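Have a look at coords-v6.cif below; it lists mmCIF, C-alpha atoms.
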```cif
data_upload
loop_
_atom_site.group_PDB
_atom_site.id
_atom_site.type_symbol
_atom_site.label_atom_id
_atom_site.label_comp_id
_atom_site.auth_asym_id
_atom_site.auth_seq_id
_atom_site.Cartn_x
_atom_site.Cartn_y
_atom_site.Cartn_z
ATOM 1 C CA ASP A 127 -0.193 -18.053 0.238
ATOM 2 C CA ARG A 128 0.997 -21.650 0.271
ATOM 3 C CA ASP A 129 4.143 -22.536 -1.574
ATOM 4 C CA THR A 130 3.784 -24.813 -4.559
ATOM 5 C CA ARG A 131 6.096 -27.442 -5.984
ATOM 6 C CA GLU A 132 6.901 -25.035 -8.807
ATOM 7 C CA LYS A 133 7.777 -22.181 -6.399
ATOM 8 C CA ASP A 134 9.931 -24.493 -4.288
ATOM 9 C CA ILE A 135 11.820 -25.801 -7.314
ATOM 10 C CA GLN A 136 12.293 -22.263 -8.645
ATOM 11 C CA THR A 137 13.614 -21.154 -5.240
ATOM 12 C CA ALA A 138 16.093 -24.056 -5.207
ATOM 13 C CA MET A 139 17.300 -23.151 -8.714
ATOM 14 C CA GLU A 140 17.719 -19.505 -7.748
ATOM 15 C CA ALA A 141 19.554 -20.438 -4.557
ATOM 16 C CA ALA A 142 21.831 -22.870 -6.427
ATOM 17 C CA ALA A 143 22.659 -20.127 -8.934
ATOM 18 C CA LEU A 144 24.162 -18.145 -6.038
ATOM 19 C CA SER A 145 26.755 -20.933 -5.514
ATOM 20 C CA PRO A 146 26.470 -21.163 -1.727
ATOM 21 C CA ASP A 147 28.846 -23.340 0.292
ATOM 22 C CA GLY A 148 25.895 -25.445 1.448
ATOM 23 C CA ALA A 149 22.125 -25.607 1.647
ATOM 24 C CA ARG A 150 19.417 -26.750 4.028
ATOM 25 C CA ILE A 151 15.914 -27.841 3.086
ATOM 26 C CA TYR A 152 13.228 -27.255 5.700
ATOM 27 C CA PRO A 153 9.657 -28.133 4.693
ATOM 28 C CA ALA A 154 7.119 -26.191 6.764
ATOM 29 C CA VAL A 155 5.612 -27.706 9.887
ATOM 30 C CA VAL A 156 2.698 -26.386 11.917
ATOM 31 C CA VAL A 157 3.660 -25.762 15.532
ATOM 32 C CA ALA A 158 1.020 -25.223 18.220
ATOM 33 C CA ASP A 159 0.241 -21.685 19.346
ATOM 34 C CA THR A 160 1.617 -19.928 16.259
ATOM 35 C CA ALA A 161 0.001 -17.840 13.522
ATOM 36 C CA LEU A 162 0.460 -20.743 11.105
ATOM 37 C CA TYR A 163 -1.394 -22.975 13.569
ATOM 38 C CA GLU A 164 -4.343 -20.549 13.540
ATOM 39 C CA TRP A 165 -4.376 -20.540 9.719
ATOM 40 C CA TYR A 166 -4.241 -24.327 9.763
ATOM 41 C CA LYS A 167 -7.153 -24.554 12.222
ATOM 42 C CA SER A 168 -9.267 -22.152 10.143
ATOM 43 C CA GLY A 169 -8.534 -23.994 6.907
ATOM 44 C CA GLU A 170 -6.545 -21.108 5.403
ATOM 45 C CA TYR A 171 -3.385 -23.205 5.329
ATOM 46 C CA ARG A 172 -2.987 -26.814 4.247
ATOM 47 C CA PRO A 173 0.421 -28.230 5.118
ATOM 48 C CA LEU A 174 2.278 -30.717 2.981
ATOM 49 C CA SER A 175 2.181 -34.343 4.022
ATOM 50 C CA VAL A 176 5.485 -36.031 4.764
ATOM 51 C CA ASP A 177 5.235 -37.830 1.408
ATOM 52 C CA GLU A 178 4.556 -34.608 -0.536
ATOM 53 C CA ALA A 179 7.394 -32.787 1.219
ATOM 54 C CA CYS A 180 9.753 -35.699 0.640
ATOM 55 C CA SER A 181 8.975 -35.672 -3.081
ATOM 56 C CA ILE A 182 9.571 -31.920 -3.439
ATOM 57 C CA ALA A 183 12.663 -32.012 -1.230
ATOM 58 C CA ALA A 184 14.119 -34.810 -3.415
ATOM 59 C CA GLU A 185 13.765 -32.567 -6.477
ATOM 60 C CA MET A 186 15.404 -29.702 -4.608
ATOM 61 C CA LEU A 187 18.167 -32.009 -3.374
ATOM 62 C CA GLU A 188 18.895 -33.065 -6.940
ATOM 63 C CA ILE A 189 19.183 -29.439 -8.057
ATOM 64 C CA PHE A 190 21.709 -28.689 -5.317
ATOM 65 C CA GLU A 191 23.689 -31.903 -5.861
ATOM 66 C CA ASP A 192 23.826 -31.320 -9.627
ATOM 67 C CA ALA A 193 25.260 -27.862 -8.873
ATOM 68 C CA GLY A 194 27.872 -29.361 -6.526
ATOM 69 C CA ILE A 195 26.278 -27.796 -3.446
ATOM 70 C CA PRO A 196 26.151 -30.026 -0.364
ATOM 71 C CA VAL A 197 22.806 -30.216 1.414
ATOM 72 C CA ILE A 198 23.714 -30.394 5.072
ATOM 73 C CA ARG A 199 20.215 -30.865 6.527
ATOM 74 C CA ILE A 200 16.763 -31.854 5.342
ATOM 75 C CA GLY A 201 13.933 -31.342 7.816
ATOM 76 C CA LEU A 202 13.942 -30.124 11.373
ATOM 77 C CA ASN A 203 16.161 -31.814 13.920
ATOM 78 C CA ALA A 204 13.993 -34.229 15.878
ATOM 79 C CA SER A 205 13.547 -33.506 19.566
ATOM 80 C CA GLU A 206 11.059 -34.537 22.213
ATOM 81 C CA THR A 207 9.962 -30.937 22.719
ATOM 82 C CA LEU A 208 9.383 -30.337 19.029
ATOM 83 C CA SER A 209 7.641 -33.696 18.602
ATOM 84 C CA ASN A 210 5.127 -32.644 21.258
ATOM 85 C CA GLU A 211 4.477 -29.256 19.626
ATOM 86 C CA VAL A 212 4.206 -30.176 15.937
ATOM 87 C CA VAL A 213 0.551 -30.366 14.991
ATOM 88 C CA ALA A 214 0.778 -30.995 11.237
ATOM 89 C CA GLY A 215 3.077 -30.848 8.267
ATOM 90 C CA ALA A 216 6.231 -32.520 7.079
ATOM 91 C CA TYR A 217 7.817 -33.501 10.355
ATOM 92 C CA HIS A 218 9.512 -36.879 10.536
ATOM 93 C CA PRO A 219 12.749 -37.813 12.324
ATOM 94 C CA SER A 220 13.990 -39.565 9.167
ATOM 95 C CA LEU A 221 12.884 -36.981 6.595
ATOM 96 C CA GLY A 222 16.447 -36.476 5.348
ATOM 97 C CA GLU A 223 17.045 -40.181 4.829
ATOM 98 C CA MET A 224 13.631 -40.605 3.214
ATOM 99 C CA THR A 225 14.316 -37.725 0.831
ATOM 100 C CA ARG A 226 17.756 -39.023 -0.158
ATOM 101 C CA SER A 227 16.278 -42.486 -0.646
ATOM 102 C CA ARG A 228 13.553 -41.018 -2.887
ATOM 103 C CA LEU A 229 16.256 -39.469 -5.074
ATOM 104 C CA TYR A 230 17.990 -42.850 -5.384
ATOM 105 C CA LEU A 231 14.674 -44.388 -6.455
ATOM 106 C CA LYS A 232 14.244 -41.702 -9.107
ATOM 107 C CA ARG A 233 17.760 -42.238 -10.442
ATOM 108 C CA ALA A 234 17.348 -46.033 -10.569
ATOM 109 C CA ALA A 235 13.952 -45.744 -12.259
ATOM 110 C CA SER A 236 15.391 -43.471 -14.949
ATOM 111 C CA LEU A 237 18.099 -46.061 -15.684
ATOM 112 C CA LEU A 238 15.477 -48.787 -15.996
ATOM 113 C CA GLU A 239 13.064 -46.859 -18.257
ATOM 114 C CA SER A 240 14.344 -48.427 -21.465
ATOM 115 C CA ARG A 241 14.676 -51.969 -20.088
ATOM 116 C CA THR A 242 12.269 -54.612 -21.268
ATOM 117 C CA ALA A 243 14.006 -57.761 -20.073
ATOM 118 C CA SER A 244 12.802 -59.570 -16.995
ATOM 119 C CA GLY A 245 14.897 -61.500 -14.523
ATOM 120 C CA GLU A 246 17.530 -60.170 -12.188
ATOM 121 C CA ILE A 247 18.554 -56.529 -12.472
ATOM 122 C CA ARG A 248 21.627 -55.497 -10.535
ATOM 123 C CA ILE A 249 21.997 -51.891 -9.445
ATOM 124 C CA GLY A 250 25.314 -50.584 -8.158
ATOM 125 C CA VAL A 251 25.813 -47.796 -5.641
ATOM 126 C CA ASN A 252 28.553 -46.627 -3.320
ATOM 127 C CA PRO A 253 28.869 -49.002 -0.315
ATOM 128 C CA SER A 254 27.814 -46.218 2.060
ATOM 129 C CA CYS A 255 24.582 -45.704 0.106
ATOM 130 C CA ILE A 256 23.142 -49.213 -0.109
ATOM 131 C CA SER A 257 20.462 -48.563 2.513
ATOM 132 C CA LEU A 258 19.415 -45.376 0.701
ATOM 133 C CA MET A 259 19.007 -47.298 -2.548
ATOM 134 C CA VAL A 260 17.114 -50.154 -0.911
ATOM 135 C CA GLY A 261 14.842 -47.732 0.968
ATOM 136 C CA GLN A 262 13.154 -47.992 4.326
ATOM 137 C CA LYS A 263 11.535 -51.409 4.691
ATOM 138 C CA ARG A 264 12.821 -52.204 1.149
ATOM 139 C CA GLU A 265 10.368 -49.654 -0.263
ATOM 140 C CA ASN A 266 12.496 -48.707 -3.281
ATOM 141 C CA ILE A 267 13.079 -52.325 -4.249
ATOM 142 C CA ARG A 268 9.362 -53.067 -3.941
ATOM 143 C CA LYS A 269 8.403 -50.040 -6.061
ATOM 144 C CA LEU A 270 10.907 -50.901 -8.789
ATOM 145 C CA GLU A 271 9.797 -54.529 -8.896
ATOM 146 C CA GLU A 272 6.160 -53.392 -9.148
ATOM 147 C CA CYS A 273 7.034 -51.123 -12.078
ATOM 148 C CA TYR A 274 8.954 -53.913 -13.800
ATOM 149 C CA PRO A 275 6.988 -57.137 -13.256
ATOM 150 C CA GLY A 276 9.042 -60.294 -13.507
ATOM 151 C CA THR A 277 12.207 -58.605 -12.301
ATOM 152 C CA GLN A 278 14.228 -59.087 -9.170
ATOM 153 C CA ILE A 279 16.172 -56.003 -8.149
ATOM 154 C CA LYS A 280 19.508 -56.595 -6.431
ATOM 155 C CA VAL A 281 21.636 -53.779 -5.029
ATOM 156 C CA ARG A 282 25.403 -54.192 -4.956
ATOM 157 C CA ALA A 283 28.248 -52.098 -3.576
ATOM 158 C CA VAL A 284 30.500 -50.735 -6.313
ATOM 159 C CA ASP A 285 33.245 -48.154 -6.552
ATOM 160 C CA VAL A 286 31.206 -45.084 -7.556
ATOM 161 C CA LEU A 287 30.710 -41.708 -5.930
ATOM 162 C CA PRO A 288 27.909 -41.351 -3.376
ATOM 163 C CA GLY A 289 24.739 -40.317 -5.185
ATOM 164 C CA LYS A 290 25.621 -42.227 -8.333
ATOM 165 C CA VAL A 291 23.457 -45.169 -9.434
ATOM 166 C CA VAL A 292 24.647 -47.573 -12.144
ATOM 167 C CA LEU A 293 23.271 -50.664 -13.835
ATOM 168 C CA LEU A 294 25.541 -53.681 -13.622
ATOM 169 C CA ASP A 295 25.790 -56.293 -16.371
#
```
Here is a file; write its structure as structure tokens.
Amino acid sequence: DRDTREKDIQTAMEAAALSPDGARIYPAVVVADTALYEWYKSGEYRPLSVDEACSIAAEMLEIFEDAGIPVIRIGLNASETLSNEVVAGAYHPSLGEMTRSRLYLKRAASLLESRTASGEIRIGVNPSCISLMVGQKRENIRKLEECYPGTQIKVRAVDVLPGKVVLLD
């Protein structure tokens, strides 16, 4: 039986309630010559896309971060051997970065929900997190500007904790 977003989120909440020292998030991948591969070939199993897994993993990441639990890995460690054996599923060498970036997008979007003004909007994040806020190929900036036509999103380094997103005046 395939996991669902709801099951994954519930599992993250239950795991966070145990107060572990750290957590890892590993979305399933289909590897050749395994039972899961046979289920995939027969249509019994449909793996998550990278985008679906990234979205769910971002929700799980937020649960762990809100509980003060560091997430030390998201996705399988990329290797040439594994790359040649993965047939389907949420395998991407930058899955962790993509997931963290997705969480930054969510946090910025929630800050902007009540804004109606157009023009320049400045978002502040920790200096080490600017690329996560901007997103790969400026994806987060593009998405925010699409949601808020007439705005120009600028990201600035400010003295806040990693993970925090603030609106600047």
Checklist line | Given the PyMOL selection byres ((chain A and resi 223-227) around 9), the residues it picks as a list of chain:residue names | finding: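 Given this file, the PyMOL selection byres ((chain A and resi 223-227) around 9) evaluates to A:Ala179, A:Cys180, A:Ser181, A:Ile182, A:Ala183, A:Ala184, A:Glu185, A:Leu187, A:Ile200, A:Pro219, A:Ser220, A:Leu221, A:Gly222, A:Arg228, A:Leu229, A:Tyr230, A:Leu231, A:Lys232, A:Cys255, A:Ser257, A:Leu258, A:Met259, A:Val260, A:Gly261, A:Gln262, A:Asn266, A:Gly289.
In terms of minimum interatomic distance to A:Asp295, A:Glu246 ranks closest within A:Asp147, A:Glu246, A:Ala283, A:Arg264, counting only C-alpha atoms.
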Item checked: Shortest interatomic distance to A:Thr242 - which of A:Asn203, A:Thr277, A:Ser254, A:Ser145, counting only C-alpha atoms ->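 Of A:Asn203, A:Thr277, A:Ser254, A:Ser145, the one nearest A:Thr242 is A:Thr277, counting only C-alpha atoms.
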Can you list what the PyMOL selection byres ((chain A and resi 198) around 8) grabs from this structure, as a PDB file with C-alpha atoms, in the coordinates of the input?
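Contents of the output file selection_24.pdb:
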```pdb
ATOM      1  CA  GLY A 148      25.895 -25.445   1.448  1.00  0.00           C
ATOM      2  CA  ALA A 149      22.125 -25.607   1.647  1.00  0.00           C
ATOM      3  CA  ARG A 150      19.417 -26.750   4.028  1.00  0.00           C
ATOM      4  CA  PRO A 196      26.151 -30.026  -0.364  1.00  0.00           C
ATOM      5  CA  VAL A 197      22.806 -30.216   1.414  1.00  0.00           C
ATOM      6  CA  ARG A 199      20.215 -30.865   6.527  1.00  0.00           C
ATOM      7  CA  ILE A 200      16.763 -31.854   5.342  1.00  0.00           C
TER       8      ILE A 200
END
```
Next item on the list: Carefully work through the PyMOL selection byres ((chain A and resi 278) around 8) for this structure and note down the residues it includes, as a PyMOL selection string.
Entry: chain A and resi 244-247+271+276-277+279-280
Could the residues in this selection be written to a file with C-alpha atoms, as a PDB file, in the coordinates of the input?
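Result file is again_32.pdb:
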```pdb
ATOM      1  CA  SER A 244      12.802 -59.570 -16.995  1.00  0.00           C
ATOM      2  CA  GLY A 245      14.897 -61.500 -14.523  1.00  0.00           C
ATOM      3  CA  GLU A 246      17.530 -60.170 -12.188  1.00  0.00           C
ATOM      4  CA  ILE A 247      18.554 -56.529 -12.472  1.00  0.00           C
ATOM      5  CA  GLU A 271       9.797 -54.529  -8.896  1.00  0.00           C
ATOM      6  CA  GLY A 276       9.042 -60.294 -13.507  1.00  0.00           C
ATOM      7  CA  THR A 277      12.207 -58.605 -12.301  1.00  0.00           C
ATOM      8  CA  ILE A 279      16.172 -56.003  -8.149  1.00  0.00           C
ATOM      9  CA  LYS A 280      19.508 -56.595  -6.431  1.00  0.00           C
TER      10      LYS A 280
END
```
Next item on the list: Rank A:Pro288, A:Gly250, A:Gly201, A:Pro275 by their smallest atom-to-atom distance to A:Gly215, using only C-alpha atoms, and report the top residue only.
Entry: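 Among the listed residues, A:Gly201 lies closest to A:Gly215.
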Next item on the list: Take atom CA of A:Val212 and atom CA of A:Arg131 and report the distance between them in Å, one decimal.
Entry: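 Atom CA of A:Val212 sits 22.2 Å away from atom CA of A:Arg131.
Across the model, the gap from atom CA of A:Thr160 to atom CA of A:Tyr217 is 16.0 Å.
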Next item on the list: Give me the residues within 7 Å of A:Val281 as a VMD selection string, counting all atoms listed in the file and dropping any in the same chain fewer than 3 places off.
Entry: chain A and resid 248 to 250 256
Notebook entry, point to check: atom CA of A:Thr130 and atom CA of A:Ala235 are how many Å apart?
Noted result: 24.5 Å
As an mmCIF file, in the frame of the given file, please: stretch 202-238 of chain A completed to N, CA and C atoms.
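Wrote it out as selection11.cif, contents follow:
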```
data_model
loop_
_atom_site.group_PDB
_atom_site.id
_atom_site.type_symbol
_atom_site.label_atom_id
_atom_site.label_comp_id
_atom_site.auth_asym_id
_atom_site.auth_seq_id
_atom_site.Cartn_x
_atom_site.Cartn_y
_atom_site.Cartn_z
ATOM 1 N N LEU A 202 13.566 -30.594 10.041
ATOM 2 C CA LEU A 202 13.942 -30.124 11.373
ATOM 3 C C LEU A 202 14.579 -31.235 12.188
ATOM 4 N N ASN A 203 15.513 -30.855 13.037
ATOM 5 C CA ASN A 203 16.161 -31.814 13.920
ATOM 6 C C ASN A 203 15.136 -32.326 14.929
ATOM 7 N N ALA A 204 14.989 -33.636 14.980
ATOM 8 C CA ALA A 204 13.993 -34.229 15.878
ATOM 9 C C ALA A 204 14.365 -34.000 17.340
ATOM 10 N N SER A 205 13.365 -33.635 18.124
ATOM 11 C CA SER A 205 13.547 -33.506 19.566
ATOM 12 C C SER A 205 12.218 -33.826 20.235
ATOM 13 N N GLU A 206 12.287 -34.204 21.489
ATOM 14 C CA GLU A 206 11.059 -34.537 22.213
ATOM 15 C C GLU A 206 10.154 -33.318 22.337
ATOM 16 N N THR A 207 10.745 -32.164 22.594
ATOM 17 C CA THR A 207 9.962 -30.937 22.719
ATOM 18 C C THR A 207 9.248 -30.620 21.428
ATOM 19 N N LEU A 208 9.982 -30.646 20.324
ATOM 20 C CA LEU A 208 9.383 -30.337 19.029
ATOM 21 C C LEU A 208 8.328 -31.376 18.663
ATOM 22 N N SER A 209 8.605 -32.631 18.903
ATOM 23 C CA SER A 209 7.641 -33.696 18.602
ATOM 24 C C SER A 209 6.310 -33.457 19.295
ATOM 25 N N ASN A 210 6.357 -32.909 20.514
ATOM 26 C CA ASN A 210 5.127 -32.644 21.258
ATOM 27 C C ASN A 210 4.395 -31.399 20.775
ATOM 28 N N GLU A 211 5.086 -30.513 20.044
ATOM 29 C CA GLU A 211 4.477 -29.256 19.626
ATOM 30 C C GLU A 211 4.070 -29.228 18.160
ATOM 31 N N VAL A 212 4.588 -30.148 17.343
ATOM 32 C CA VAL A 212 4.206 -30.176 15.937
ATOM 33 C C VAL A 212 2.795 -30.737 15.814
ATOM 34 N N VAL A 213 1.951 -29.991 15.141
ATOM 35 C CA VAL A 213 0.551 -30.366 14.991
ATOM 36 C C VAL A 213 0.300 -30.994 13.626
ATOM 37 N N ALA A 214 0.990 -30.506 12.599
ATOM 38 C CA ALA A 214 0.778 -30.995 11.237
ATOM 39 C C ALA A 214 1.977 -30.611 10.386
ATOM 40 N N GLY A 215 2.023 -31.196 9.206
ATOM 41 C CA GLY A 215 3.077 -30.848 8.267
ATOM 42 C C GLY A 215 4.127 -31.922 8.137
ATOM 43 N N ALA A 216 5.190 -31.569 7.476
ATOM 44 C CA ALA A 216 6.231 -32.520 7.079
ATOM 45 C C ALA A 216 7.282 -32.686 8.155
ATOM 46 N N TYR A 217 6.866 -33.244 9.277
ATOM 47 C CA TYR A 217 7.817 -33.501 10.355
ATOM 48 C C TYR A 217 7.970 -35.002 10.511
ATOM 49 N N HIS A 218 9.191 -35.459 10.343
ATOM 50 C CA HIS A 218 9.512 -36.879 10.536
ATOM 51 C C HIS A 218 10.989 -36.947 10.905
ATOM 52 N N PRO A 219 11.349 -37.752 11.913
ATOM 53 C CA PRO A 219 12.749 -37.813 12.324
ATOM 54 C C PRO A 219 13.685 -38.327 11.240
ATOM 55 N N SER A 220 13.151 -39.022 10.244
ATOM 56 C CA SER A 220 13.990 -39.565 9.167
ATOM 57 C C SER A 220 13.725 -38.884 7.828
ATOM 58 N N LEU A 221 13.230 -37.656 7.846
ATOM 59 C CA LEU A 221 12.884 -36.981 6.595
ATOM 60 C C LEU A 221 14.083 -36.866 5.654
ATOM 61 N N GLY A 222 15.259 -36.580 6.191
ATOM 62 C CA GLY A 222 16.447 -36.476 5.348
ATOM 63 C C GLY A 222 16.769 -37.787 4.655
ATOM 64 N N GLU A 223 16.771 -38.865 5.409
ATOM 65 C CA GLU A 223 17.045 -40.181 4.829
ATOM 66 C C GLU A 223 15.972 -40.564 3.810
ATOM 67 N N MET A 224 14.720 -40.280 4.138
ATOM 68 C CA MET A 224 13.631 -40.605 3.214
ATOM 69 C C MET A 224 13.764 -39.822 1.909
ATOM 70 N N THR A 225 14.151 -38.566 2.013
ATOM 71 C CA THR A 225 14.316 -37.725 0.831
ATOM 72 C C THR A 225 15.475 -38.220 -0.029
ATOM 73 N N ARG A 226 16.601 -38.513 0.589
ATOM 74 C CA ARG A 226 17.756 -39.023 -0.158
ATOM 75 C C ARG A 226 17.422 -40.362 -0.817
ATOM 76 N N SER A 227 16.688 -41.194 -0.107
ATOM 77 C CA SER A 227 16.278 -42.486 -0.646
ATOM 78 C C SER A 227 15.357 -42.299 -1.850
ATOM 79 N N ARG A 228 14.464 -41.320 -1.773
ATOM 80 C CA ARG A 228 13.553 -41.018 -2.887
ATOM 81 C C ARG A 228 14.338 -40.612 -4.133
ATOM 82 N N LEU A 229 15.426 -39.869 -3.937
ATOM 83 C CA LEU A 229 16.256 -39.469 -5.074
ATOM 84 C C LEU A 229 16.949 -40.685 -5.685
ATOM 85 N N TYR A 230 17.394 -41.615 -4.856
ATOM 86 C CA TYR A 230 17.990 -42.850 -5.384
ATOM 87 C C TYR A 230 16.963 -43.636 -6.195
ATOM 88 N N LEU A 231 15.737 -43.698 -5.717
ATOM 89 C CA LEU A 231 14.674 -44.388 -6.455
ATOM 90 C C LEU A 231 14.474 -43.740 -7.819
ATOM 91 N N LYS A 232 14.426 -42.426 -7.844
ATOM 92 C CA LYS A 232 14.244 -41.702 -9.107
ATOM 93 C C LYS A 232 15.381 -41.999 -10.075
ATOM 94 N N ARG A 233 16.605 -41.986 -9.574
ATOM 95 C CA ARG A 233 17.760 -42.238 -10.442
ATOM 96 C C ARG A 233 17.759 -43.671 -10.970
ATOM 97 N N ALA A 234 17.406 -44.633 -10.125
ATOM 98 C CA ALA A 234 17.348 -46.033 -10.569
ATOM 99 C C ALA A 234 16.234 -46.213 -11.593
ATOM 100 N N ALA A 235 15.084 -45.613 -11.336
ATOM 101 C CA ALA A 235 13.952 -45.744 -12.259
ATOM 102 C C ALA A 235 14.294 -45.165 -13.621
ATOM 103 N N SER A 236 15.028 -44.058 -13.656
ATOM 104 C CA SER A 236 15.391 -43.471 -14.949
ATOM 105 C C SER A 236 16.349 -44.375 -15.721
ATOM 106 N N LEU A 237 17.206 -45.110 -15.012
ATOM 107 C CA LEU A 237 18.099 -46.061 -15.684
ATOM 108 C C LEU A 237 17.330 -47.257 -16.252
ATOM 109 N N LEU A 238 16.241 -47.606 -15.598
ATOM 110 C CA LEU A 238 15.477 -48.787 -15.996
ATOM 111 C C LEU A 238 14.391 -48.498 -17.037
#
```
